[in-house]
file data38.cif (mmCIF, C-alpha atoms)
data_coords
#
loop_
_atom_site.label_atom_id
_atom_site.label_comp_id
_atom_site.auth_asym_id
_atom_site.auth_seq_id
_atom_site.Cartn_x
_atom_site.Cartn_y
_atom_site.Cartn_z
CA MET P 30 49.87 94.59 134.00
CA THR P 31 48.74 97.67 135.94
CA ASN P 32 52.34 98.37 136.85
CA ALA P 33 53.42 98.07 133.21
CA LEU P 34 50.68 100.50 132.14
CA ARG P 35 51.75 102.91 134.88
CA GLN P 36 55.35 102.71 133.67
CA ILE P 37 54.29 103.24 130.04
CA ALA P 38 52.35 106.32 131.14
CA ILE P 39 55.37 107.67 133.07
CA LEU P 40 57.73 107.14 130.11
CA THR P 41 55.34 108.57 127.53
CA ALA P 42 54.61 111.59 129.72
CA LYS P 43 58.36 112.17 129.95
CA ASP P 44 58.73 112.07 126.14
CA LEU P 45 55.82 114.42 125.62
CA ARG P 46 57.07 116.75 128.33
CA ILE P 47 60.45 116.99 126.63
CA GLU P 48 58.67 117.55 123.31
CA ALA P 49 56.50 120.25 124.84
CA ARG P 50 59.63 122.04 126.08
CA GLY P 51 61.52 121.96 122.79
CA ARG P 52 58.74 121.40 120.22
CA GLN P 53 61.44 120.11 117.91
CA THR P 54 59.83 116.93 116.63
CA ILE P 55 56.25 118.12 116.25
CA GLY P 56 57.46 121.29 114.57
CA LEU P 57 59.55 119.39 112.03
CA VAL P 58 56.88 116.75 111.41
CA LEU P 59 54.20 119.40 110.89
CA VAL P 60 56.32 121.56 108.59
CA LEU P 61 57.36 118.55 106.52
CA GLY P 62 53.81 117.15 106.42
CA VAL P 63 52.25 120.47 105.40
CA LEU P 64 54.93 121.01 102.76
CA ILE P 65 54.39 117.56 101.22
CA ILE P 66 50.61 117.89 101.31
CA ALA P 67 50.73 121.40 99.82
CA VAL P 68 53.21 120.59 97.05
CA LEU P 69 51.61 117.28 96.01
CA GLY P 70 48.13 118.74 96.45
CA LEU P 71 48.95 121.59 94.12
CA GLY P 72 50.40 119.18 91.58
CA LEU P 73 47.45 116.81 91.64
CA GLY P 74 44.62 119.26 92.02
CA PRO P 75 45.34 122.48 90.21
CA GLU P 76 41.78 123.68 90.71
CA GLY P 77 41.98 123.20 94.44
CA ARG P 78 40.13 119.86 94.38
CA VAL P 79 42.08 116.73 95.29
CA ARG P 80 40.27 113.40 94.86
CA GLY P 81 40.02 110.99 97.79
CA VAL P 82 42.28 108.51 96.00
CA ASP P 83 45.01 111.10 95.55
CA ALA P 84 44.56 112.33 99.11
CA THR P 85 45.38 108.84 100.38
CA ALA P 86 48.64 108.76 98.46
CA ILE P 87 49.56 112.27 99.53
CA LEU P 88 48.85 111.52 103.17
CA TRP P 89 50.90 108.33 103.09
CA VAL P 90 53.90 110.20 101.62
CA ALA P 91 53.56 112.80 104.39
CA TYR P 92 53.28 110.10 107.04
CA LEU P 93 56.22 108.09 105.75
CA PHE P 94 58.65 110.98 105.77
CA GLY P 95 57.22 112.72 108.85
CA GLY P 96 57.13 109.40 110.68
CA VAL P 97 60.77 108.58 110.04
CA LEU P 98 61.66 112.01 111.39
CA SER P 99 59.56 111.40 114.50
CA PHE P 100 61.03 107.93 115.14
CA GLU P 101 64.56 109.29 114.92
CA LYS P 102 63.94 112.24 117.19
CA THR P 103 62.22 110.30 119.96
CA MET P 104 65.08 107.78 120.07
CA ALA P 105 67.79 110.43 119.71
CA LEU P 106 66.82 111.99 123.03
CA GLU P 107 67.48 108.63 124.70
CA ARG P 108 70.96 108.31 123.18
CA GLU P 109 71.91 111.86 124.14
CA ASP P 110 74.13 111.69 127.21
CA SER P 111 73.39 107.94 127.38
CA ALA P 112 70.01 108.54 129.02
CA ILE P 113 68.99 105.14 127.69
CA ALA P 114 71.49 103.45 130.04
CA GLY P 115 69.81 105.12 133.02
CA LEU P 116 66.49 103.88 131.71
CA LEU P 117 67.77 100.35 131.13
CA MET P 118 69.00 100.22 134.74
CA ALA P 119 65.47 100.83 136.03
CA PRO P 120 63.54 97.70 137.01
CA ILE P 121 61.23 97.82 134.00
CA ASP P 122 60.55 95.40 131.18
CA ARG P 123 62.14 96.38 127.85
CA GLY P 124 58.74 95.91 126.23
CA VAL P 125 57.47 98.76 128.40
CA ILE P 126 60.10 101.04 126.86
CA TYR P 127 59.05 99.91 123.38
CA PHE P 128 55.36 100.57 123.92
CA SER P 129 56.02 103.95 125.50
CA LYS P 130 58.12 104.99 122.49
CA LEU P 131 55.42 103.68 120.15
CA LEU P 132 52.80 105.69 122.02
CA SER P 133 54.94 108.84 121.91
CA ASN P 134 55.41 108.43 118.16
CA LEU P 135 51.71 107.83 117.61
CA VAL P 136 50.76 110.92 119.60
CA LEU P 137 53.17 112.97 117.49
CA MET P 138 51.93 111.47 114.19
CA LEU P 139 48.22 111.11 114.79
CA GLY P 140 47.90 114.86 115.00
CA LEU P 141 47.94 114.71 111.22
CA ALA P 142 45.26 112.03 111.07
CA ALA P 143 42.21 114.17 111.66
CA ALA P 144 39.85 112.68 109.11
CA PRO P 145 36.33 111.28 109.20
CA GLY P 146 34.95 107.71 109.36
CA GLY P 147 36.45 104.85 107.34
CA PHE P 148 39.33 106.95 106.07
CA ALA P 149 40.53 107.64 109.63
CA LEU P 150 40.10 103.98 110.58
CA VAL P 151 42.20 102.64 107.69
CA MET P 152 44.87 105.33 108.04
CA GLY P 153 44.87 104.87 111.82
CA ILE P 154 45.51 101.10 111.59
CA GLY P 155 48.13 101.74 108.92
CA ILE P 156 49.92 104.32 111.02
CA VAL P 157 50.00 102.02 114.07
CA GLY P 158 51.74 99.35 111.95
CA PHE P 159 54.10 101.88 110.45
CA ALA P 160 54.98 103.27 113.90
CA ALA P 161 55.43 99.72 115.26
CA VAL P 162 58.10 99.02 112.64
CA GLY P 163 59.61 102.50 112.79
CA THR P 164 59.97 102.54 116.59
CA LEU P 165 61.79 99.20 116.54
CA PHE P 166 64.20 100.11 113.77
CA ALA P 167 64.80 103.62 115.13
CA ALA P 168 66.06 102.00 118.34
CA ALA P 169 68.22 99.58 116.33
CA VAL P 170 69.91 102.23 114.20
CA SER P 171 70.09 104.98 116.82
CA SER P 172 73.56 103.89 117.88
CA THR P 173 74.90 103.88 114.32
CA ARG P 174 76.15 106.87 112.35
CA LEU P 175 73.90 106.24 109.36
CA GLN P 176 70.69 107.01 111.20
CA GLY P 177 68.57 109.07 108.77
CA GLY P 178 69.20 107.28 105.50
CA LEU P 179 69.47 103.84 107.05
CA LEU P 180 66.20 104.13 108.96
CA ALA P 181 64.27 105.14 105.85
CA MET P 182 65.93 102.36 103.82
CA LEU P 183 64.87 99.77 106.42
CA VAL P 184 61.41 101.01 107.26
CA PHE P 185 60.03 101.90 103.83
CA PRO P 186 60.38 98.44 102.19
CA ILE P 187 59.05 96.63 105.28
CA THR P 188 55.97 98.84 105.48
CA LEU P 189 55.27 98.64 101.75
CA PRO P 190 52.63 95.87 102.12
CA LEU P 191 50.87 98.05 104.68
CA VAL P 192 50.89 101.09 102.41
CA ILE P 193 49.70 99.09 99.39
CA ALA P 194 46.91 97.35 101.32
CA SER P 195 45.58 100.55 102.88
CA THR P 196 45.82 102.50 99.63
CA GLN P 197 43.94 99.78 97.72
CA MET P 198 41.24 99.75 100.39
CA LEU P 199 40.77 103.47 100.25
CA VAL P 200 40.79 103.50 96.46
CA ALA P 201 38.04 100.86 96.48
CA MET P 202 36.13 102.86 99.08
CA PHE P 203 36.39 106.26 97.38
CA ARG P 204 36.25 105.28 93.71
CA ASP P 205 34.08 102.20 93.70
CA GLY P 206 32.03 102.92 96.79
CA GLU P 207 32.86 99.54 98.33
CA PRO P 208 32.29 99.09 102.07
CA LEU P 209 35.20 98.87 104.45
CA GLY P 210 36.35 95.41 105.55
CA GLY P 211 37.37 92.09 104.03
CA VAL P 212 40.87 90.91 103.23
CA GLY P 213 42.42 94.38 103.15
CA LEU P 214 41.45 95.18 106.71
CA ALA P 215 42.60 91.73 107.85
CA VAL P 216 46.01 92.32 106.24
CA LEU P 217 46.37 95.65 108.06
CA VAL P 218 45.36 94.21 111.42
CA ALA P 219 47.61 91.15 110.95
CA PHE P 220 50.57 93.37 110.01
CA ASP P 221 50.06 95.47 113.15
CA ALA P 222 49.69 92.43 115.39
CA ILE P 223 52.79 90.69 113.99
CA PHE P 224 55.07 93.70 114.28
CA LEU P 225 53.78 94.75 117.70
CA VAL P 226 54.44 91.28 119.12
CA VAL P 227 57.80 90.77 117.36
CA SER P 228 59.01 94.23 118.38
CA TRP P 229 58.00 93.68 121.98
CA LEU P 230 59.89 90.37 122.01
CA VAL P 231 63.13 91.56 120.39
CA PHE P 232 63.37 95.06 121.87
CA GLU P 233 65.65 93.92 124.70
CA ARG P 234 68.26 92.66 122.20
CA VAL P 235 67.92 95.82 120.14
CA LEU P 236 68.59 98.06 123.13
CA GLU P 237 71.60 96.21 124.49
CA PRO P 238 74.35 98.85 124.64
CA MET X 9 94.74 84.36 134.76
CA VAL X 10 95.39 85.53 138.33
CA ALA X 11 98.64 84.18 139.72
CA ARG X 12 98.41 81.93 142.79
CA ALA X 13 100.27 84.48 144.92
CA GLU X 14 97.74 87.12 143.91
CA ILE X 15 94.79 84.95 144.86
CA LYS X 16 96.28 84.38 148.31
CA SER X 17 96.60 88.12 148.87
CA ARG X 18 93.08 88.83 147.64
CA PRO X 19 91.00 90.50 150.35
CA ALA X 20 89.07 87.82 152.18
CA THR X 21 85.28 87.77 152.08
CA ARG X 22 83.69 87.65 155.52
CA VAL X 23 80.33 89.20 154.77
CA GLN X 24 77.80 88.46 152.05
CA SER X 25 79.18 88.85 148.54
CA VAL X 26 77.54 91.58 146.51
CA VAL X 27 79.33 90.57 143.32
CA GLN X 28 80.59 87.12 142.46
CA ALA X 29 81.98 86.60 138.98
CA LEU X 30 82.90 83.07 138.03
CA ASP X 31 84.91 82.62 134.83
CA LEU X 32 83.10 85.45 133.08
CA THR X 33 83.91 85.97 129.44
CA LYS X 34 82.50 88.47 127.00
CA TRP X 35 83.07 88.40 123.26
CA ILE X 36 82.15 91.38 121.09
CA ASP X 37 82.41 91.25 117.30
CA GLY X 38 84.44 88.04 117.46
CA ARG X 39 86.97 89.46 119.93
CA PRO X 40 87.37 88.42 123.57
CA ILE X 41 86.90 91.58 125.64
CA LEU X 42 86.71 89.84 129.03
CA ARG X 43 88.45 86.52 129.69
CA ASN X 44 87.83 84.26 132.68
CA ILE X 45 87.06 87.04 135.11
CA ASN X 46 86.80 85.86 138.72
CA LEU X 47 85.81 88.38 141.34
CA ASP X 48 84.38 88.27 144.83
CA ILE X 49 83.32 91.61 146.23
CA PRO X 50 81.71 91.71 149.66
CA ALA X 51 79.12 94.21 150.84
CA GLY X 52 80.46 97.62 151.81
CA ARG X 53 83.73 97.30 149.91
CA PHE X 54 85.21 100.16 147.85
CA VAL X 55 86.84 98.59 144.80
CA VAL X 56 88.75 100.22 141.98
CA ILE X 57 89.22 98.53 138.63
CA LEU X 58 92.37 99.65 136.88
CA GLY X 59 93.52 98.96 133.37
CA ALA X 60 94.88 100.53 130.23
CA ASN X 61 92.52 101.76 127.51
CA GLY X 62 90.74 98.78 125.98
CA ALA X 63 91.52 96.47 128.90
CA GLY X 64 87.79 95.77 129.37
CA LYS X 65 86.98 97.96 132.40
CA SER X 66 83.83 99.55 130.98
CA THR X 67 82.60 96.26 129.54
CA LEU X 68 83.11 94.61 132.92
CA LEU X 69 81.03 97.32 134.60
CA LYS X 70 78.29 96.89 131.97
CA VAL X 71 78.24 93.16 132.65
CA LEU X 72 78.10 93.77 136.42
CA ALA X 73 75.26 96.27 135.85
CA THR X 74 73.41 93.56 133.84
CA LEU X 75 73.31 95.99 130.91
CA THR X 76 74.97 93.36 128.76
CA ARG X 77 75.08 89.59 129.17
CA PRO X 78 78.34 87.69 129.57
CA THR X 79 79.10 85.26 126.75
CA SER X 80 79.91 82.55 129.28
CA GLY X 81 80.54 82.14 132.98
CA GLU X 82 78.31 82.98 135.90
CA LEU X 83 77.55 86.30 137.53
CA ARG X 84 75.91 86.37 140.94
CA LEU X 85 74.66 89.63 142.43
CA PHE X 86 73.58 89.84 146.05
CA GLY X 87 73.89 86.06 146.19
CA ARG X 88 71.54 85.40 143.26
CA PRO X 89 72.26 84.50 139.64
CA ALA X 90 72.09 87.68 137.57
CA SER X 91 70.50 85.77 134.70
CA ALA X 92 67.33 85.26 136.75
CA GLY X 93 65.28 88.23 137.86
CA ALA X 94 67.69 90.83 136.49
CA ALA X 95 65.11 93.60 136.83
CA ARG X 96 64.81 93.01 140.58
CA LEU X 97 68.59 92.95 140.96
CA ARG X 98 68.96 96.14 138.92
CA ALA X 99 66.72 97.88 141.44
CA ARG X 100 69.60 97.49 143.93
CA ILE X 101 72.25 98.89 141.60
CA GLY X 102 73.08 102.50 140.76
CA ILE X 103 75.35 103.51 137.92
CA ILE X 104 77.25 106.66 137.01
CA SER X 105 79.67 107.24 134.18
CA HIS X 106 81.33 110.14 132.43
CA GLN X 107 77.97 110.61 130.70
CA SER X 108 75.16 111.90 132.89
CA MET X 109 72.38 109.51 131.75
CA LEU X 110 70.02 112.45 132.31
CA TYR X 111 67.53 114.11 129.99
CA ARG X 112 69.14 117.42 129.09
CA GLU X 113 65.87 119.22 128.33
CA LEU X 114 64.43 118.42 131.76
CA SER X 115 65.42 120.07 135.03
CA ALA X 116 67.43 118.19 137.63
CA ARG X 117 64.29 117.92 139.77
CA ASP X 118 62.17 116.60 136.89
CA ASN X 119 64.84 114.02 136.04
CA LEU X 120 64.98 112.77 139.61
CA VAL X 121 61.20 112.68 140.00
CA PHE X 122 60.93 110.78 136.69
CA PHE X 123 63.47 108.14 137.72
CA GLY X 124 61.99 107.99 141.22
CA ARG X 125 58.56 107.18 139.76
CA LEU X 126 60.06 104.54 137.47
CA TYR X 127 61.63 102.86 140.49
CA GLY X 128 58.29 103.09 142.26
CA ILE X 129 59.61 104.98 145.25
CA GLU X 130 57.13 106.74 147.50
CA ARG X 131 57.08 110.53 147.50
CA PRO X 132 59.55 111.01 144.62
CA ARG X 133 59.39 114.82 144.95
CA GLU X 134 60.57 114.72 148.54
CA ARG X 135 63.29 112.25 147.66
CA ALA X 136 64.43 114.47 144.78
CA LYS X 137 64.55 117.48 147.09
CA ARG X 138 66.69 115.63 149.65
CA LEU X 139 69.08 114.33 147.00
CA LEU X 140 69.48 117.73 145.37
CA GLU X 141 70.34 119.19 148.76
CA MET X 142 72.81 116.36 149.36
CA VAL X 143 74.69 117.00 146.11
CA GLY X 144 74.50 120.79 146.51
CA LEU X 145 72.16 121.50 143.60
CA ALA X 146 69.08 122.69 145.51
CA ASP X 147 69.43 126.23 144.18
CA ARG X 148 69.55 125.00 140.55
CA ALA X 149 66.92 122.28 140.93
CA ASP X 150 64.54 123.73 138.34
CA ASP X 151 67.09 124.65 135.69
CA PRO X 152 67.39 122.40 132.64
CA VAL X 153 70.29 120.01 132.99
CA LYS X 154 71.70 121.25 129.67
CA THR X 155 72.60 124.55 131.37
CA PHE X 156 74.77 122.81 133.99
CA SER X 157 78.56 122.80 134.10
CA ARG X 158 80.31 119.42 133.83
CA GLY X 159 80.76 119.20 137.60
CA MET X 160 77.13 120.07 138.30
CA MET X 161 76.01 117.58 135.69
CA GLN X 162 78.04 114.87 137.42
CA ARG X 163 76.55 115.73 140.81
CA ALA X 164 73.06 115.53 139.28
CA ALA X 165 74.03 112.16 137.76
CA ILE X 166 75.04 110.90 141.20
CA ALA X 167 71.71 112.05 142.60
CA ARG X 168 70.00 110.09 139.79
CA ALA X 169 72.05 106.99 140.56
CA LEU X 170 71.06 107.22 144.24
CA VAL X 171 67.37 108.00 143.76
CA HIS X 172 66.38 104.42 144.64
CA GLU X 173 68.98 104.04 147.43
CA PRO X 174 71.03 101.30 145.72
CA ASP X 175 73.25 98.96 147.68
CA LEU X 176 75.81 98.77 144.89
CA LEU X 177 77.16 101.81 143.05
CA LEU X 178 79.03 101.27 139.78
CA ALA X 179 81.04 104.26 138.59
CA ASP X 180 82.67 104.22 135.18
CA GLU X 181 85.31 106.98 134.95
CA PRO X 182 83.19 109.40 136.99
CA PHE X 183 86.06 111.88 137.35
CA ALA X 184 86.61 112.29 133.61
CA GLY X 185 86.55 115.94 132.57
CA LEU X 186 86.06 117.32 136.08
CA ASP X 187 88.12 120.22 137.42
CA ALA X 188 90.00 119.92 140.74
CA PRO X 189 87.22 121.26 143.02
CA ALA X 190 84.66 119.00 141.32
CA VAL X 191 87.00 116.01 141.72
CA LYS X 192 87.34 116.77 145.42
CA ALA X 193 83.58 117.18 145.85
CA LEU X 194 82.89 113.89 144.07
CA GLU X 195 85.57 112.10 146.07
CA GLU X 196 83.98 113.33 149.30
CA LEU X 197 80.57 112.24 148.11
CA LEU X 198 81.80 108.74 147.25
CA SER X 199 83.59 108.57 150.57
CA ARG X 200 80.38 109.52 152.38
CA LEU X 201 78.43 106.85 150.49
CA HIS X 202 81.07 104.27 151.34
CA GLY X 203 80.81 105.37 154.96
CA LYS X 204 77.11 104.58 154.81
CA GLY X 205 77.92 100.99 153.86
CA LYS X 206 77.39 101.19 150.09
CA THR X 207 79.49 98.91 147.92
CA ILE X 208 81.31 100.98 145.31
CA ILE X 209 83.05 99.68 142.21
CA LEU X 210 84.91 102.34 140.30
CA THR X 211 86.99 102.55 137.16
CA HIS X 212 89.45 105.42 137.04
CA HIS X 213 92.46 106.20 134.89
CA ASP X 214 94.34 108.02 137.69
CA VAL X 215 96.10 105.12 139.41
CA ASP X 216 97.49 107.10 142.37
CA HIS X 217 94.16 108.70 143.12
CA SER X 218 92.34 105.36 142.79
CA LEU X 219 94.63 103.53 145.18
CA ARG X 220 94.23 106.30 147.78
CA MET X 221 90.44 106.09 147.64
CA ALA X 222 89.74 102.37 147.35
CA GLU X 223 90.14 99.37 149.65
CA GLN X 224 90.48 96.71 146.98
CA ALA X 225 92.27 97.06 143.65
CA VAL X 226 91.67 94.91 140.60
CA VAL X 227 93.97 95.30 137.60
CA LEU X 228 92.74 94.20 134.19
CA ARG X 229 95.07 93.48 131.30
CA ALA X 230 93.69 92.46 127.91
CA GLY X 231 90.41 91.41 129.52
CA GLN X 232 91.99 89.33 132.30
CA VAL X 233 92.34 90.00 136.01
CA VAL X 234 96.07 90.12 136.68
CA VAL X 235 95.96 91.65 140.16
CA ASP X 236 93.28 91.47 142.84
CA ARG X 237 94.43 92.60 146.26
CA TRP X 238 94.14 95.24 148.98
CA ALA X 239 94.76 98.67 147.50
CA ARG X 240 97.17 99.55 150.31
CA GLN X 241 99.34 96.60 149.28
CA LEU X 242 99.67 97.94 145.76
CA ASP X 243 101.75 100.92 144.71
CA ALA X 244 101.07 102.92 141.57
CA ALA X 245 104.27 101.85 139.82
CA THR X 246 103.46 98.15 140.25
CA ALA X 247 99.88 98.69 139.15
CA ILE X 248 100.98 100.50 136.00
CA ARG X 249 103.56 97.78 135.29
CA GLU X 250 100.87 95.12 135.64
CA MET X 251 98.51 97.10 133.40
CA THR X 252 101.01 97.33 130.60
CA ALA X 253 103.20 94.22 130.96
CA ALA X 254 103.63 92.33 127.69
#

call {"tool": "encode", "arguments": {"input": "data38.cif", "output": "structure tokens"}}
result
Amino acid sequence: MTNALRQIAILTAKDLRIEARGRQTIGLVLVLGVLIIAVLGLGLGPEGRVRGVDATAILWVAYLFGGVLSFEKTMALEREDSAIAGLLMAPIDRGVIYFSKLLSNLVLMLGLAAAPGGFALVMGIGIVGFAAVGTLFAAAVSSTRLQGGLLAMLVFPITLPLVIASTQMLVAMFRDGEPLGGVGLAVLVAFDAIFLVVSWLVFERVLEP
Amino acid sequence: MVARAEIKSRPATRVQSVVQALDLTKWIDGRPILRNINLDIPAGRFVVILGANGAGKSTLLKVLATLTRPTSGELRLFGRPASAGAARLRARIGIISHQSMLYRELSARDNLVFFGRLYGIERPRERAKRLLEMVGLADRADDPVKTFSRGMMQRAAIARALVHEPDLLLADEPFAGLDAPAVKALEELLSRLHGKGKTIILTHHDVDHSLRMAEQAVVLRAGQVVVDRWARQLDAATAIREMTAA
């Protein structure tokens, strides 16, 4: 366990180091996120006031598109010059590679998640589930030529229950003043748990060159 | 299928086998890529695998590297079944190909330190320094790999493959795209590694060059071993005929 955590730390540090050198992914994700938030924000709140309900929808749109970009970029650097083969030859569990990629994606995406209290909690759990699915499918499609479009087509429908559940929770919280918890939160947590475990189990097959 | 005469002339195994393939087959997308491969490669042997394009050379190396599983048959590495404890076996294998398997944005030193840490070796920085000196890249150690020439990239890739001091080195077309001086440098490096007792299995499209370097030659045709004998007993014309025979 300690060894696996050490290996995850080494792999994630490598991803972030490469990102720090090029700043390609974070730059693209930020520009895209800010653009989406600005354009939709202007459309929904012409007087400069966007309601909490609308903010949830806007943030999810930004996360969905920014996330897909992040998933693709973090896997693309592994396919470049077949670096992934060097990684696969190392005596490490494939699940370790999956969790390190997930962590890298979360670090890149959670920069946008600076928000207070219950909002941050719901969005945070939602983003973990979204990244769990996205990291798995990014690895699966990274060796195909259809990457961008295909990844979005696969990830968006699968994460739809997550988006709906979190949006409904936040709507209830902001509009109706309901407390956080109940079925909605259970759905989010269950979604995360299922996809984290499934992804960890199937990642070896996905990565087979 | 290897002819009986070929089997008799196969180099005899006197020391522990590093690679033992027993009736290995590999199907990809409904097509047989490898068919009933039988190999026995002892420790310290320099083997070249020859074959026309699509004969299955690269797939065979991937199977031997445990990067992909055979569809049927048994693979034993260092005397153990490859299906059990593959991670531990992989720690004794190094691989190079015509692609560097390095992170282009990182320097050669950072790449080596990263892989050294993954393999859990002690003092990865010192190891990286020694390897970079060995492959003649000490003066470019901190430059990003993406700024390297093809020959330098290949030397860095060899350093990566050796970071954990593997017993078995698999090299898939390592000379591809190299100029003459780089070919010579790589040949000397492989020769030195062989001299140190490493087992080397190489695929190479230059038959003459391969037969000069290696001790054992294996010819693949349509996924089958058709020749397996001492390289000195095989001339280039025969090898090419065997590679392409209908």

call {"tool": "residues_around", "arguments": {"input": "data38.cif", "residues": "X:Lys206", "least_positions_apart": "2", "cutoff": "9 Å", "atoms": "only C-alpha atoms", "output": "list in words"}}
result
Ala51, Gly52, Arg53, Phe54, Pro174, Asp175, Leu176, Leu177, Leu201, His202, Gly203, Lys204 and Ile208 of chain X

call {"tool": "atom_distance", "arguments": {"input": "data38.cif", "atom1": "atom CA of P:Ile121", "atom2": "atom CA of P:Arg35"}}
result
10.8 Å

call {"tool": "closest_atom_pairs", "arguments": {"input": "data38.cif", "of": "chain X", "to": "chain P", "cutoff": "9 Å", "atoms": "all atoms listed in the file", "output": "tab-separated table"}}
result
residue	atom	partner	partner_atom	distance
X:Lys70	CA	P:Pro238	CA	8.5
X:Ala73	CA	P:Met118	CA	7.5
X:Thr74	CA	P:Met118	CA	8.0
X:Leu75	CA	P:Glu237	CA	6.6
X:Thr76	CA	P:Glu237	CA	6.1
X:Arg77	CA	P:Glu237	CA	8.8
X:Ala94	CA	P:Pro120	CA	8.0
X:Ala95	CA	P:Pro120	CA	4.4
X:Arg96	CA	P:Pro120	CA	6.0
X:Leu97	CA	P:Pro120	CA	8.0
X:Arg98	CA	P:Met118	CA	5.8
X:Ala99	CA	P:Pro120	CA	5.5
X:Ile101	CA	P:Met118	CA	7.7
X:Gly102	CA	P:Met118	CA	7.6
X:Ile103	CA	P:Gly115	CA	7.6
X:Ile104	CA	P:Gly115	CA	8.6
X:Gln107	CA	P:Asp110	CA	5.3
X:Ser108	CA	P:Asp110	CA	5.8
X:Met109	CA	P:Ala112	CA	3.7
X:Leu110	CA	P:Ala112	CA	5.1
X:Tyr111	CA	P:Ala112	CA	6.2
X:Arg112	CA	P:Asp110	CA	7.8
X:Glu113	CA	P:Ile47	CA	6.1
X:Leu114	CA	P:Ile47	CA	6.6
X:Phe122	CA	P:Ile39	CA	7.3
X:Phe123	CA	P:Ala119	CA	7.8
X:Arg125	CA	P:Ile39	CA	7.4
X:Leu126	CA	P:Gln36	CA	6.3
X:Tyr127	CA	P:Ala119	CA	6.2
X:Arg168	CA	P:Gly115	CA	8.4
X:Ala169	CA	P:Gly115	CA	8.1

call {"tool": "resolve_selection", "arguments": {"input": "data38.cif", "expression": "the PyMOL selection byres ((chain P and resi 129) around 6)", "output": "list in words"}}
result
Ile37, Leu40, Thr41, Ile126, Tyr127, Phe128, Lys130, Leu131 and Leu132 of chain P

call {"tool": "residues_around", "arguments": {"input": "data38.cif", "residues": "stretch 194-197 of chain P", "least_positions_apart": "3", "cutoff": "9 Å", "atoms": "all atoms listed in the file", "output": "short mmCIF file (atom, residue, chain, number, x, y, z; two decimals) with C-alpha atoms, keeping the file's coordinate frame"}}
result
data_model
loop_
_atom_site.label_atom_id
_atom_site.label_comp_id
_atom_site.auth_asym_id
_atom_site.auth_seq_id
_atom_site.Cartn_x
_atom_site.Cartn_y
_atom_site.Cartn_z
CA VAL P 82 42.28 108.51 96.00
CA THR P 85 45.38 108.84 100.38
CA ALA P 86 48.64 108.76 98.46
CA TRP P 89 50.90 108.33 103.09
CA VAL P 151 42.20 102.64 107.69
CA MET P 152 44.87 105.33 108.04
CA ILE P 154 45.51 101.10 111.59
CA GLY P 155 48.13 101.74 108.92
CA LEU P 189 55.27 98.64 101.75
CA PRO P 190 52.63 95.87 102.12
CA LEU P 191 50.87 98.05 104.68
CA VAL P 200 40.79 103.50 96.46
CA ALA P 201 38.04 100.86 96.48
CA MET P 202 36.13 102.86 99.08
CA GLY P 213 42.42 94.38 103.15
CA LEU P 214 41.45 95.18 106.71
CA VAL P 216 46.01 92.32 106.24
CA LEU P 217 46.37 95.65 108.06
#

call {"tool": "resolve_selection", "arguments": {"input": "data38.cif", "expression": "the PyMOL selection byres ((chain X and resi 41) around 6)", "output": "ChimeraX atom specification"}}
result
/X:34-35,40,42,64,231

call {"tool": "decode", "arguments": {"input": "data38.cif", "residues": "stretch 128-137 of chain X", "atoms": "N, CA and C atoms", "output": "PDB file, in the first residue's frame"}}
result
ATOM      1  N   GLY X 128      12.423   1.722  -8.047  1.00  0.00           N
ATOM      2  CA  GLY X 128      12.827   1.629  -6.635  1.00  0.00           C
ATOM      3  C   GLY X 128      14.317   1.457  -6.438  1.00  0.00           C
ATOM      4  N   ILE X 129      15.115   1.951  -7.389  1.00  0.00           N
ATOM      5  CA  ILE X 129      16.560   1.792  -7.196  1.00  0.00           C
ATOM      6  C   ILE X 129      17.074   2.853  -6.225  1.00  0.00           C
ATOM      7  N   GLU X 130      18.138   2.511  -5.521  1.00  0.00           N
ATOM      8  CA  GLU X 130      18.702   3.455  -4.562  1.00  0.00           C
ATOM      9  C   GLU X 130      19.545   4.488  -5.308  1.00  0.00           C
ATOM     10  N   ARG X 131      19.563   5.654  -4.824  1.00  0.00           N
ATOM     11  CA  ARG X 131      20.327   6.776  -5.389  1.00  0.00           C
ATOM     12  C   ARG X 131      20.117   6.908  -6.905  1.00  0.00           C
ATOM     13  N   PRO X 132      18.889   7.193  -7.323  1.00  0.00           N
ATOM     14  CA  PRO X 132      18.599   7.286  -8.766  1.00  0.00           C
ATOM     15  C   PRO X 132      19.399   8.384  -9.474  1.00  0.00           C
ATOM     16  N   ARG X 133      19.734   9.454  -8.758  1.00  0.00           N
ATOM     17  CA  ARG X 133      20.495  10.551  -9.395  1.00  0.00           C
ATOM     18  C   ARG X 133      21.898  10.097  -9.773  1.00  0.00           C
ATOM     19  N   GLU X 134      22.507   9.336  -8.871  1.00  0.00           N
ATOM     20  CA  GLU X 134      23.856   8.837  -9.154  1.00  0.00           C
ATOM     21  C   GLU X 134      23.821   7.842 -10.316  1.00  0.00           C
ATOM     22  N   ARG X 135      22.812   7.003 -10.291  1.00  0.00           N
ATOM     23  CA  ARG X 135      22.655   6.007 -11.358  1.00  0.00           C
ATOM     24  C   ARG X 135      22.461   6.708 -12.710  1.00  0.00           C
ATOM     25  N   ALA X 136      21.627   7.757 -12.694  1.00  0.00           N
ATOM     26  CA  ALA X 136      21.371   8.506 -13.933  1.00  0.00           C
ATOM     27  C   ALA X 136      22.673   9.125 -14.441  1.00  0.00           C
ATOM     28  N   LYS X 137      23.451   9.660 -13.534  1.00  0.00           N
ATOM     29  CA  LYS X 137      24.716  10.308 -13.914  1.00  0.00           C
ATOM     30  C   LYS X 137      25.648   9.292 -14.575  1.00  0.00           C
TER      31      LYS X 137
END
